[in-house]
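Notes for the one structure printed next.
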Amino acid sequence: MNYWLIKSEPFKYSFDQLLKEKKTFWEGVRNYAARNNLRAMKKGDLLLFYHSNEGKEIVGIAKVVGEAYQDPTTDDTNWSVVDVAPVKKLKNPVTLEMVKADKRLTQMALVKFMRLSVQPVKREEFDIIMALAGEQ
C-alpha cells in the first residue's frame, strides 16, 4: 500500500462533501507531476485530504477505490482521474504550521513542494500525521 496527499480548496470540494457523497472522481489536475502521481495510485492506497488556501490543514483520510482513467471533464487525453472514497474525518486537523514545525516532517512533499496538488507521502510521514491528529 502507498500513501498520498490530495489537496482541495474547501469552497470547491471539501472533505465533508466527500463524506456526504461517499465517492467521487478526483478531477481537475492539470500538472504533469500531479497527474503522474494519480496514475501511480493503486486501489486501496490511502490519501490524506488537505484543505488548501482556506484552513491549510489535513482534515481527513480517503482511499483510492478506482485506479486512473481518462478525465471525463476534458477531451484532452493527457489528464487522468482516480475514484476516491472517504475513510474518516480526523479527530484533530493537522495544520500546515504543525507539519512545518515537526522536525521529522522537514522532507515531506507538503513542505518541499507546496504547490503540488497530488503528492506522495512516506509511510513514516503518514504515521506521524496520524499521531499529530490523535489517531494513534
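The chains in the C-alpha cells are called A, B, ... from first to last as shown; in each chain the residues are counted from 1, and the ligands are counted from 1 in the order shown.
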Return as CSV the residues of segment 34-53 of chain A lying at most 10 Å from segment 113-117 of chain A, together with the closest atom-to-atom pair for each and the distance in Å to one decimal, counting only C-alpha atoms, with rows in chain order and ascending residue number.
```
residue,atom,partner,partner_atom,distance
A:Ala34,CA,A:Ser117,CA,6.1
A:Arg35,CA,A:Ser117,CA,9.1
A:Asn37,CA,A:Ser117,CA,9.6
A:Tyr50,CA,A:Ser117,CA,9.2
A:Ser52,CA,A:Ser117,CA,9.1
```
Might you pull out every residue within 12 Å of Leu46 of chain A, with only C-alpha atoms counted and same-chain residues fewer than 3 positions away left off, and present them as a ChimeraX atom specification?
-> /A:1-6,41-43,49,60-65,83-88,119-123,126-127
Write out the residues from the selection above, keeping C-alpha atoms, as a compact mmCIF listing (two decimals), in the first residue's frame.
```
# COMPACT_ATOMS: atom_id res chain seq x y z
CA MET A 1 0.00 0.00 0.00
CA ASN A 2 1.13 3.52 -0.80
CA TYR A 3 0.18 6.84 0.77
CA TRP A 4 -0.64 10.13 -0.88
CA LEU A 5 -1.86 13.63 -0.11
CA ILE A 6 -4.54 15.30 -2.22
CA MET A 41 -2.16 5.22 -7.33
CA LYS A 42 -3.48 1.72 -6.72
CA LYS A 43 -6.81 0.59 -5.35
CA PHE A 49 -7.14 15.03 2.40
CA GLY A 60 -9.40 13.50 6.69
CA ILE A 61 -8.37 10.18 5.26
CA ALA A 62 -9.71 8.85 1.98
CA LYS A 63 -8.81 5.82 -0.11
CA VAL A 64 -8.41 5.01 -3.78
CA VAL A 65 -11.35 2.87 -4.90
CA ASP A 83 -12.03 7.32 -7.82
CA VAL A 84 -11.80 8.12 -4.12
CA ALA A 85 -13.98 7.40 -1.10
CA PRO A 86 -13.79 8.73 2.45
CA VAL A 87 -12.38 6.64 5.27
CA LYS A 88 -12.75 9.03 8.19
CA GLN A 119 1.80 14.25 -3.60
CA PRO A 120 3.40 11.03 -2.39
CA VAL A 121 3.59 10.52 1.37
CA LYS A 122 6.04 8.15 3.05
CA ARG A 123 4.63 5.60 5.49
CA PHE A 126 1.61 9.19 7.35
CA ASP A 127 2.11 7.65 10.80
```
Go through A:Leu132, A:Leu96, A:Leu18, A:Val29 and flag the residue nearest Ser80 of chain A, using only C-alpha atoms for the distances.
-> A:Val29
Neighbour list for Asn78 of chain A as a list in words, cut-off 9 Å, only C-alpha atoms, skip fewer than 4 positions in-chain =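 Using only C-alpha atoms, the neighbours found are Arg30, Tyr32, Arg35, Gln70 and Asp71 of chain A.
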So which bits of chain A end up alpha helix (DSSP H) when you DSSP the backbone, as JSON, numbers by chain?
-> {"A": [15, 16, 17, 18, 19, 20, 21, 32, 33, 34, 35, 36, 37, 38, 39, 40, 96, 97, 98, 99, 100, 101, 109, 110, 111, 112, 123, 124, 125, 126, 127, 128, 129, 130, 131, 132]}
Between A:Asn53, A:Gln107, A:Lys89, A:Thr74, which one has atoms that come closest to Gln17 of chain A, using only C-alpha atoms?
-> A:Lys89
What residues in chain A get the DSSP label strand (DSSP E)? Please answer as an mmCIF file with N, CA and C atoms, in the first residue's frame.
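Result saved to selection18.cif:
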```
data_model
loop_
_atom_site.group_PDB
_atom_site.id
_atom_site.type_symbol
_atom_site.label_atom_id
_atom_site.label_comp_id
_atom_site.auth_asym_id
_atom_site.auth_seq_id
_atom_site.Cartn_x
_atom_site.Cartn_y
_atom_site.Cartn_z
ATOM 1 N N TYR A 3 0.867 5.726 0.113
ATOM 2 C CA TYR A 3 0.179 6.839 0.769
ATOM 3 C C TYR A 3 0.388 8.094 -0.064
ATOM 4 N N TRP A 4 -0.641 8.930 -0.057
ATOM 5 C CA TRP A 4 -0.640 10.130 -0.882
ATOM 6 C C TRP A 4 -1.318 11.262 -0.120
ATOM 7 N N LEU A 5 -1.132 12.477 -0.613
ATOM 8 C CA LEU A 5 -1.859 13.634 -0.111
ATOM 9 C C LEU A 5 -2.517 14.293 -1.305
ATOM 10 N N ILE A 6 -3.806 14.579 -1.171
ATOM 11 C CA ILE A 6 -4.538 15.302 -2.218
ATOM 12 C C ILE A 6 -5.038 16.609 -1.620
ATOM 13 N N LYS A 7 -5.032 17.641 -2.446
ATOM 14 C CA LYS A 7 -5.421 18.973 -1.979
ATOM 15 C C LYS A 7 -6.687 19.446 -2.677
ATOM 16 N N SER A 8 -7.502 20.143 -1.912
ATOM 17 C CA SER A 8 -8.673 20.793 -2.483
ATOM 18 C C SER A 8 -8.992 22.033 -1.667
ATOM 19 N N THR A 24 -16.209 9.932 -5.195
ATOM 20 C CA THR A 24 -16.095 10.894 -6.294
ATOM 21 C C THR A 24 -14.885 10.537 -7.138
ATOM 22 N N PHE A 25 -14.778 11.144 -8.310
ATOM 23 C CA PHE A 25 -13.534 11.011 -9.067
ATOM 24 C C PHE A 25 -12.748 12.292 -8.843
ATOM 25 N N LEU A 46 -4.034 4.818 0.615
ATOM 26 C CA LEU A 46 -4.665 5.805 1.487
ATOM 27 C C LEU A 46 -4.228 7.218 1.122
ATOM 28 N N LEU A 47 -5.154 8.156 1.299
ATOM 29 C CA LEU A 47 -4.955 9.547 0.924
ATOM 30 C C LEU A 47 -5.188 10.452 2.123
ATOM 31 N N LEU A 48 -4.259 11.355 2.365
ATOM 32 C CA LEU A 48 -4.509 12.430 3.307
ATOM 33 C C LEU A 48 -5.238 13.520 2.536
ATOM 34 N N PHE A 49 -6.342 14.008 3.067
ATOM 35 C CA PHE A 49 -7.143 15.034 2.400
ATOM 36 C C PHE A 49 -6.805 16.377 3.033
ATOM 37 N N TYR A 50 -6.219 17.262 2.224
ATOM 38 C CA TYR A 50 -5.727 18.561 2.691
ATOM 39 C C TYR A 50 -6.600 19.680 2.147
ATOM 40 N N HIS A 51 -7.080 20.542 3.040
ATOM 41 C CA HIS A 51 -7.799 21.749 2.628
ATOM 42 C C HIS A 51 -6.769 22.847 2.382
ATOM 43 N N GLU A 57 -4.960 22.688 6.223
ATOM 44 C CA GLU A 57 -4.854 21.608 7.195
ATOM 45 C C GLU A 57 -5.298 20.284 6.595
ATOM 46 N N ILE A 58 -4.707 19.221 7.128
ATOM 47 C CA ILE A 58 -5.113 17.863 6.758
ATOM 48 C C ILE A 58 -6.319 17.537 7.625
ATOM 49 N N VAL A 59 -7.447 17.223 6.974
ATOM 50 C CA VAL A 59 -8.698 17.082 7.718
ATOM 51 C C VAL A 59 -9.277 15.670 7.698
ATOM 52 N N GLY A 60 -8.798 14.827 6.787
ATOM 53 C CA GLY A 60 -9.402 13.503 6.692
ATOM 54 C C GLY A 60 -8.534 12.509 5.960
ATOM 55 N N ILE A 61 -9.017 11.275 5.973
ATOM 56 C CA ILE A 61 -8.371 10.179 5.262
ATOM 57 C C ILE A 61 -9.374 9.645 4.246
ATOM 58 N N ALA A 62 -8.900 9.445 3.038
ATOM 59 C CA ALA A 62 -9.706 8.846 1.979
ATOM 60 C C ALA A 62 -8.911 7.660 1.428
ATOM 61 N N LYS A 63 -9.525 6.931 0.521
ATOM 62 C CA LYS A 63 -8.814 5.818 -0.109
ATOM 63 C C LYS A 63 -9.132 5.782 -1.594
ATOM 64 N N VAL A 64 -8.222 5.196 -2.342
ATOM 65 C CA VAL A 64 -8.409 5.011 -3.776
ATOM 66 C C VAL A 64 -9.312 3.790 -3.960
ATOM 67 N N VAL A 65 -10.434 3.986 -4.647
ATOM 68 C CA VAL A 65 -11.346 2.872 -4.902
ATOM 69 C C VAL A 65 -11.434 2.534 -6.392
ATOM 70 N N GLY A 66 -10.787 3.342 -7.227
ATOM 71 C CA GLY A 66 -10.724 3.080 -8.660
ATOM 72 C C GLY A 66 -9.471 3.711 -9.234
ATOM 73 N N GLU A 67 -8.696 2.934 -9.961
ATOM 74 C CA GLU A 67 -7.421 3.417 -10.488
ATOM 75 C C GLU A 67 -7.613 4.348 -11.684
ATOM 76 N N ALA A 68 -6.533 4.983 -12.101
ATOM 77 C CA ALA A 68 -6.545 6.063 -13.086
ATOM 78 C C ALA A 68 -7.253 5.709 -14.392
ATOM 79 N N TYR A 69 -8.028 6.674 -14.865
ATOM 80 C CA TYR A 69 -8.667 6.596 -16.177
ATOM 81 C C TYR A 69 -8.807 8.015 -16.721
ATOM 82 N N GLN A 70 -9.176 8.129 -17.989
ATOM 83 C CA GLN A 70 -9.307 9.416 -18.678
ATOM 84 C C GLN A 70 -10.222 10.355 -17.890
ATOM 85 N N SER A 80 -5.852 12.558 -16.224
ATOM 86 C CA SER A 80 -6.457 11.376 -15.617
ATOM 87 C C SER A 80 -7.155 11.728 -14.310
ATOM 88 N N VAL A 81 -7.996 10.808 -13.867
ATOM 89 C CA VAL A 81 -8.653 10.893 -12.567
ATOM 90 C C VAL A 81 -8.542 9.538 -11.887
ATOM 91 N N VAL A 82 -8.778 9.512 -10.584
ATOM 92 C CA VAL A 82 -8.961 8.270 -9.841
ATOM 93 C C VAL A 82 -10.239 8.419 -9.035
ATOM 94 N N ASP A 83 -10.850 7.298 -8.683
ATOM 95 C CA ASP A 83 -12.026 7.319 -7.823
ATOM 96 C C ASP A 83 -11.566 7.238 -6.379
ATOM 97 N N VAL A 84 -12.149 8.095 -5.536
ATOM 98 C CA VAL A 84 -11.798 8.118 -4.119
ATOM 99 C C VAL A 84 -13.056 8.048 -3.263
ATOM 100 N N ALA A 85 -12.891 7.496 -2.074
ATOM 101 C CA ALA A 85 -13.982 7.401 -1.103
ATOM 102 C C ALA A 85 -13.432 7.788 0.266
ATOM 103 N N PRO A 86 -14.271 8.345 1.129
ATOM 104 C CA PRO A 86 -13.792 8.732 2.455
ATOM 105 C C PRO A 86 -13.563 7.519 3.346
ATOM 106 N N VAL A 87 -12.596 7.639 4.229
ATOM 107 C CA VAL A 87 -12.376 6.641 5.265
ATOM 108 C C VAL A 87 -12.855 7.215 6.591
ATOM 109 N N LYS A 88 -12.312 8.391 6.957
ATOM 110 C CA LYS A 88 -12.750 9.032 8.194
ATOM 111 C C LYS A 88 -12.250 10.465 8.279
ATOM 112 N N LYS A 89 -12.983 11.261 9.014
ATOM 113 C CA LYS A 89 -12.558 12.614 9.341
ATOM 114 C C LYS A 89 -11.600 12.502 10.519
ATOM 115 N N LEU A 90 -10.520 13.277 10.492
ATOM 116 C CA LEU A 90 -9.558 13.231 11.588
ATOM 117 C C LEU A 90 -10.151 13.835 12.855
ATOM 118 N N LYS A 91 -9.792 13.256 13.999
ATOM 119 C CA LYS A 91 -10.237 13.793 15.294
ATOM 120 C C LYS A 91 -9.800 15.242 15.431
ATOM 121 N N ASN A 92 -8.545 15.479 15.074
ATOM 122 C CA ASN A 92 -7.964 16.825 15.155
ATOM 123 C C ASN A 92 -7.260 17.124 13.840
ATOM 124 N N PRO A 93 -7.674 18.164 13.124
ATOM 125 C CA PRO A 93 -6.969 18.512 11.897
ATOM 126 C C PRO A 93 -5.498 18.796 12.180
ATOM 127 N N VAL A 94 -4.655 18.494 11.206
ATOM 128 C CA VAL A 94 -3.223 18.749 11.318
ATOM 129 C C VAL A 94 -2.901 19.919 10.399
ATOM 130 N N THR A 95 -2.558 21.047 11.000
ATOM 131 C CA THR A 95 -2.323 22.264 10.232
ATOM 132 C C THR A 95 -0.968 22.229 9.533
ATOM 133 N N VAL A 118 -1.189 16.785 -5.872
ATOM 134 C CA VAL A 118 -1.244 15.353 -5.566
ATOM 135 C C VAL A 118 0.191 14.931 -5.280
ATOM 136 N N GLN A 119 0.438 14.490 -4.038
ATOM 137 C CA GLN A 119 1.802 14.245 -3.601
ATOM 138 C C GLN A 119 1.957 12.866 -2.971
ATOM 139 N N PRO A 120 3.135 12.262 -3.128
ATOM 140 C CA PRO A 120 3.397 11.030 -2.389
ATOM 141 C C PRO A 120 3.664 11.354 -0.923
ATOM 142 N N VAL A 121 3.330 10.414 -0.067
ATOM 143 C CA VAL A 121 3.591 10.525 1.369
ATOM 144 C C VAL A 121 4.269 9.230 1.799
#
```
Of the candidates A:Lys22, A:Thr73, A:Ile128, A:Trp79, which shows the shortest atom-to-atom distance to Lys103 of chain A, using only C-alpha atoms?
->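 Nearest candidate to Lys103 of chain A out of A:Lys22, A:Thr73, A:Ile128, A:Trp79: A:Ile128.
Each of A:Glu27, A:Gly134, A:Leu38, A:Gly44 was compared to Tyr13 of chain A using only C-alpha atoms, and A:Glu27 turns out to be the nearest.
Minimum atom-to-atom distance to Met98 of chain A, evaluated using only C-alpha atoms, belongs to A:Val111 out of A:Val111, A:Leu19, A:Ala40, A:Ala33.
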